[in-house]
Amino acid sequence: MSKFGGSNNKKEVPAMTSSSLSDIVFMLLFFFMVTTQMRETENKVVVKTPEASEVVKLERKDLNSYINIGTPTKQYQAQYGTDARIQLNDSFRTTDDIRDFIAAERESKSEADRQFMTVSIRADQDVRMGIVTDVKQELRRCSALKIMYSARKPGKD
């Protein structure tokens, strides 16, 4: 007679193979390398953008040149003070340097895209309008007439 269920022939579960694990890791690594954008400049000024009722999102951010206006961060206040400063790329500049900045930005764009270049002014909401007006006057002198102000959508109360 045969025995049912009484035999010691228990089947073991095979070990999990890790051969495809390296493929998955490299796929994830490649995905994050492709989709991650590196920050081009370090913010050296504190900018809390003002609220705006009509906010439009940019289509092409690569055609923008950013001018940040605000008070220096705490690590730079000992050197530059607490008055509003202009940041172009990674350094503090004056309004006299804006012309060279715009010329360099135009040269970095292709010939076809130069006409679509926009200057984005990111000014802190507490900055006095005098420094913003000085920046705008200098932009007019170097024929950078497409100006956009960065703003945020109003918060819901």
# chains A, B, ... in the order shown; residues from 1 in each chain; ligands from 1
$ residues_around --residues "Ile86 of chain A" --least-positions-apart "4" --cutoff "8 Å" --atoms "only C-alpha atoms" --output "PyMOL selection string"
chain A and resi 67-70+92-95
$ write_last_selection --atoms "all heavy atoms" --output "tab-separated table (two decimals), in the first residue's frame"
chain	number	residue	atom	x	y	z
A	67	ILE	N	17.94	87.74	-13.18
A	67	ILE	CA	18.56	88.76	-12.35
A	67	ILE	C	17.85	88.69	-11.00
A	67	ILE	O	16.64	88.93	-10.92
A	67	ILE	CB	18.43	90.17	-12.97
A	67	ILE	CG1	19.15	90.24	-14.31
A	67	ILE	CG2	18.96	91.22	-12.01
A	67	ILE	CD1	19.00	91.56	-15.03
A	68	ASN	N	18.59	88.35	-9.95
A	68	ASN	CA	18.03	88.25	-8.61
A	68	ASN	C	18.34	89.52	-7.84
A	68	ASN	O	19.48	89.98	-7.84
A	68	ASN	CB	18.59	87.04	-7.87
A	68	ASN	CG	18.22	85.74	-8.55
A	68	ASN	OD1	17.14	85.59	-9.07
A	68	ASN	ND2	19.14	84.79	-8.54
A	69	ILE	N	17.33	90.05	-7.15
A	69	ILE	CA	17.51	91.25	-6.34
A	69	ILE	C	16.93	90.97	-4.96
A	69	ILE	O	15.75	90.63	-4.83
A	69	ILE	CB	16.80	92.47	-6.97
A	69	ILE	CG1	17.28	92.69	-8.40
A	69	ILE	CG2	17.03	93.72	-6.13
A	69	ILE	CD1	16.47	93.72	-9.17
A	70	GLY	N	17.76	91.12	-3.94
A	70	GLY	CA	17.30	90.89	-2.58
A	70	GLY	C	18.42	91.11	-1.59
A	70	GLY	O	19.54	91.49	-1.95
A	92	PHE	N	27.73	88.84	-6.86
A	92	PHE	CA	27.08	90.12	-6.65
A	92	PHE	C	27.66	91.13	-7.64
A	92	PHE	O	28.87	91.21	-7.81
A	92	PHE	CB	27.29	90.62	-5.22
A	92	PHE	CG	26.57	89.80	-4.19
A	92	PHE	CD1	27.27	89.04	-3.28
A	92	PHE	CD2	25.19	89.79	-4.14
A	92	PHE	CE1	26.62	88.29	-2.33
A	92	PHE	CE2	24.52	89.03	-3.20
A	92	PHE	CZ	25.24	88.28	-2.29
A	93	ARG	N	26.80	91.89	-8.27
A	93	ARG	CA	27.22	92.88	-9.25
A	93	ARG	C	26.48	94.18	-9.04
A	93	ARG	O	25.56	94.28	-8.25
A	93	ARG	CB	26.95	92.38	-10.68
A	93	ARG	CG	27.63	91.11	-11.05
A	93	ARG	CD	29.10	91.31	-11.11
A	93	ARG	NE	29.74	90.05	-11.49
A	93	ARG	CZ	30.96	89.97	-11.90
A	93	ARG	NH1	31.71	91.03	-12.00
A	93	ARG	NH2	31.47	88.81	-12.21
A	94	THR	N	26.86	95.20	-9.82
A	94	THR	CA	26.17	96.48	-9.80
A	94	THR	C	25.40	96.64	-11.10
A	94	THR	O	25.51	95.80	-12.01
A	94	THR	CB	27.18	97.64	-9.64
A	94	THR	OG1	28.04	97.64	-10.78
A	94	THR	CG2	28.00	97.50	-8.36
A	95	THR	N	24.67	97.72	-11.21
A	95	THR	CA	23.91	97.96	-12.44
A	95	THR	C	24.83	98.17	-13.64
A	95	THR	O	24.43	97.92	-14.78
A	95	THR	CB	22.97	99.16	-12.28
A	95	THR	OG1	23.73	100.29	-11.85
A	95	THR	CG2	21.87	98.87	-11.30
$ residues_around --residues "Ser108 of chain A" --least-positions-apart "3" --cutoff "12 Å" --atoms "only C-alpha atoms" --output "tab-separated table (two decimals) with N, CA, C and O atoms, in the first residue's frame"
chain	number	residue	atom	x	y	z
A	62	ASP	N	15.00	77.78	-20.92
A	62	ASP	CA	16.38	77.92	-21.38
A	62	ASP	C	16.63	79.24	-22.08
A	62	ASP	O	17.78	79.63	-22.27
A	63	LEU	N	15.57	79.97	-22.45
A	63	LEU	CA	15.73	81.27	-23.10
A	63	LEU	C	15.71	82.42	-22.11
A	63	LEU	O	15.73	83.58	-22.51
A	64	ASN	N	15.65	82.11	-20.83
A	64	ASN	CA	15.58	83.15	-19.80
A	64	ASN	C	16.95	83.42	-19.20
A	64	ASN	O	17.76	82.51	-19.03
A	65	SER	N	17.15	84.68	-18.85
A	65	SER	CA	18.32	85.10	-18.08
A	65	SER	C	17.78	85.70	-16.79
A	65	SER	O	16.87	86.52	-16.82
A	101	PHE	N	26.61	91.38	-18.78
A	101	PHE	CA	25.86	90.16	-18.49
A	101	PHE	C	24.90	89.82	-19.63
A	101	PHE	O	24.85	88.69	-20.10
A	102	ILE	N	24.16	90.82	-20.10
A	102	ILE	CA	23.20	90.59	-21.19
A	102	ILE	C	23.93	90.23	-22.47
A	102	ILE	O	23.50	89.34	-23.22
A	103	ALA	N	25.06	90.88	-22.74
A	103	ALA	CA	25.84	90.55	-23.94
A	103	ALA	C	26.33	89.11	-23.89
A	103	ALA	O	26.27	88.38	-24.89
A	104	ALA	N	26.80	88.67	-22.74
A	104	ALA	CA	27.27	87.29	-22.60
A	104	ALA	C	26.12	86.30	-22.74
A	104	ALA	O	26.28	85.23	-23.34
A	105	GLU	N	24.97	86.65	-22.20
A	105	GLU	CA	23.80	85.76	-22.31
A	105	GLU	C	23.34	85.65	-23.76
A	105	GLU	O	22.94	84.58	-24.20
A	111	GLU	N	21.63	81.83	-32.74
A	111	GLU	CA	21.20	83.01	-33.50
A	111	GLU	C	19.68	83.08	-33.63
A	111	GLU	O	19.08	84.15	-33.54
A	112	ALA	N	19.04	81.94	-33.81
A	112	ALA	CA	17.58	81.92	-33.98
A	112	ALA	C	16.85	82.21	-32.67
A	112	ALA	O	15.74	82.75	-32.68
A	113	ASP	N	17.46	81.85	-31.53
A	113	ASP	CA	16.78	82.02	-30.24
A	113	ASP	C	17.03	83.38	-29.60
A	113	ASP	O	16.39	83.71	-28.62
A	114	ARG	N	17.94	84.16	-30.11
A	114	ARG	CA	18.27	85.45	-29.48
A	114	ARG	C	17.08	86.39	-29.43
A	114	ARG	O	16.93	87.16	-28.50
A	117	MET	N	14.87	85.73	-26.34
A	117	MET	CA	15.47	85.82	-25.02
A	117	MET	C	14.69	86.78	-24.13
A	117	MET	O	14.32	87.87	-24.55
$ residues_around --residues "Asp83 of chain A" --least-positions-apart "6" --cutoff "12 Å" --atoms "only C-alpha atoms" --output "ChimeraX atom specification"
/A:45-46,69-73,76-77,124,126-128,131
$ write_last_selection --atoms "N, CA and C atoms" --output "compact mmCIF listing (two decimals), in the first residue's frame"
# COMPACT_ATOMS: atom_id res chain seq x y z
N VAL A 45 21.16 85.64 -2.59
CA VAL A 45 20.25 86.63 -2.02
C VAL A 45 18.94 85.93 -1.66
N VAL A 46 18.28 86.47 -0.65
CA VAL A 46 16.99 85.94 -0.21
C VAL A 46 15.92 86.61 -1.05
N ILE A 69 17.33 90.05 -7.15
CA ILE A 69 17.51 91.25 -6.34
C ILE A 69 16.93 90.97 -4.96
N GLY A 70 17.76 91.12 -3.94
CA GLY A 70 17.30 90.89 -2.58
C GLY A 70 18.42 91.11 -1.59
N THR A 71 18.13 90.85 -0.33
CA THR A 71 19.14 91.00 0.70
C THR A 71 20.05 89.77 0.69
N PRO A 72 21.33 89.92 0.93
CA PRO A 72 22.23 88.76 0.94
C PRO A 72 21.84 87.76 2.03
N THR A 73 22.16 86.50 1.78
CA THR A 73 21.90 85.48 2.79
C THR A 73 22.81 85.72 3.99
N TYR A 76 26.61 85.83 3.74
CA TYR A 76 27.22 86.93 2.99
C TYR A 76 26.94 88.31 3.60
N GLN A 77 26.13 88.38 4.66
CA GLN A 77 25.77 89.67 5.23
C GLN A 77 26.94 90.36 5.91
N ASP A 124 12.83 90.45 -4.43
CA ASP A 124 12.16 90.21 -3.16
C ASP A 124 11.00 91.18 -3.02
N ASP A 126 10.04 92.81 -0.54
CA ASP A 126 10.33 93.94 0.34
C ASP A 126 11.42 94.87 -0.19
N VAL A 127 11.93 94.59 -1.39
CA VAL A 127 12.98 95.43 -1.98
C VAL A 127 12.39 96.75 -2.44
N ARG A 128 13.14 97.83 -2.20
CA ARG A 128 12.68 99.14 -2.66
C ARG A 128 12.66 99.19 -4.18
N ILE A 131 15.98 100.27 -6.81
CA ILE A 131 16.98 99.37 -7.38
C ILE A 131 16.41 98.62 -8.58
$ residues_around --residues "Tyr66 of chain A" --least-positions-apart "4" --cutoff "9 Å" --atoms "only C-alpha atoms" --output "PyMOL selection string"
chain A and resi 87-89+118-122
$ closest_residue --among "A:Met129, A:Ala144, A:Ala123, A:Ala84" --to "Lys48 of chain A" --atoms "only C-alpha atoms"
A:Ala123
$ closest_residue --among "A:Lys44, A:Lys61, A:Ile98, A:Asp23" --to "Lys74 of chain A" --atoms "only C-alpha atoms"
A:Lys44
$ select_by_dssp --residues "chain A" --states "strand (DSSP E)" --output "VMD selection string"
chain A and resid 45 to 46 64 to 72 85 to 88 91 to 93 118 to 123 147 to 149
$ atom_distance --atom1 "atom CA of Gln37 of chain A" --atom2 "atom CA of Ser91 of chain A"
21.0 Å
$ atom_distance --atom1 "atom CA of Lys109 of chain A" --atom2 "atom CA of Glu40 of chain A"
15.7 Å
$ select_by_dssp --residues "segment 2-144 of chain A" --states "helix (DSSP H, G or I)" --output "VMD selection string"
chain A and resid 21 to 35 61 to 63 74 to 80 95 to 108 114 to 116 129 to 141
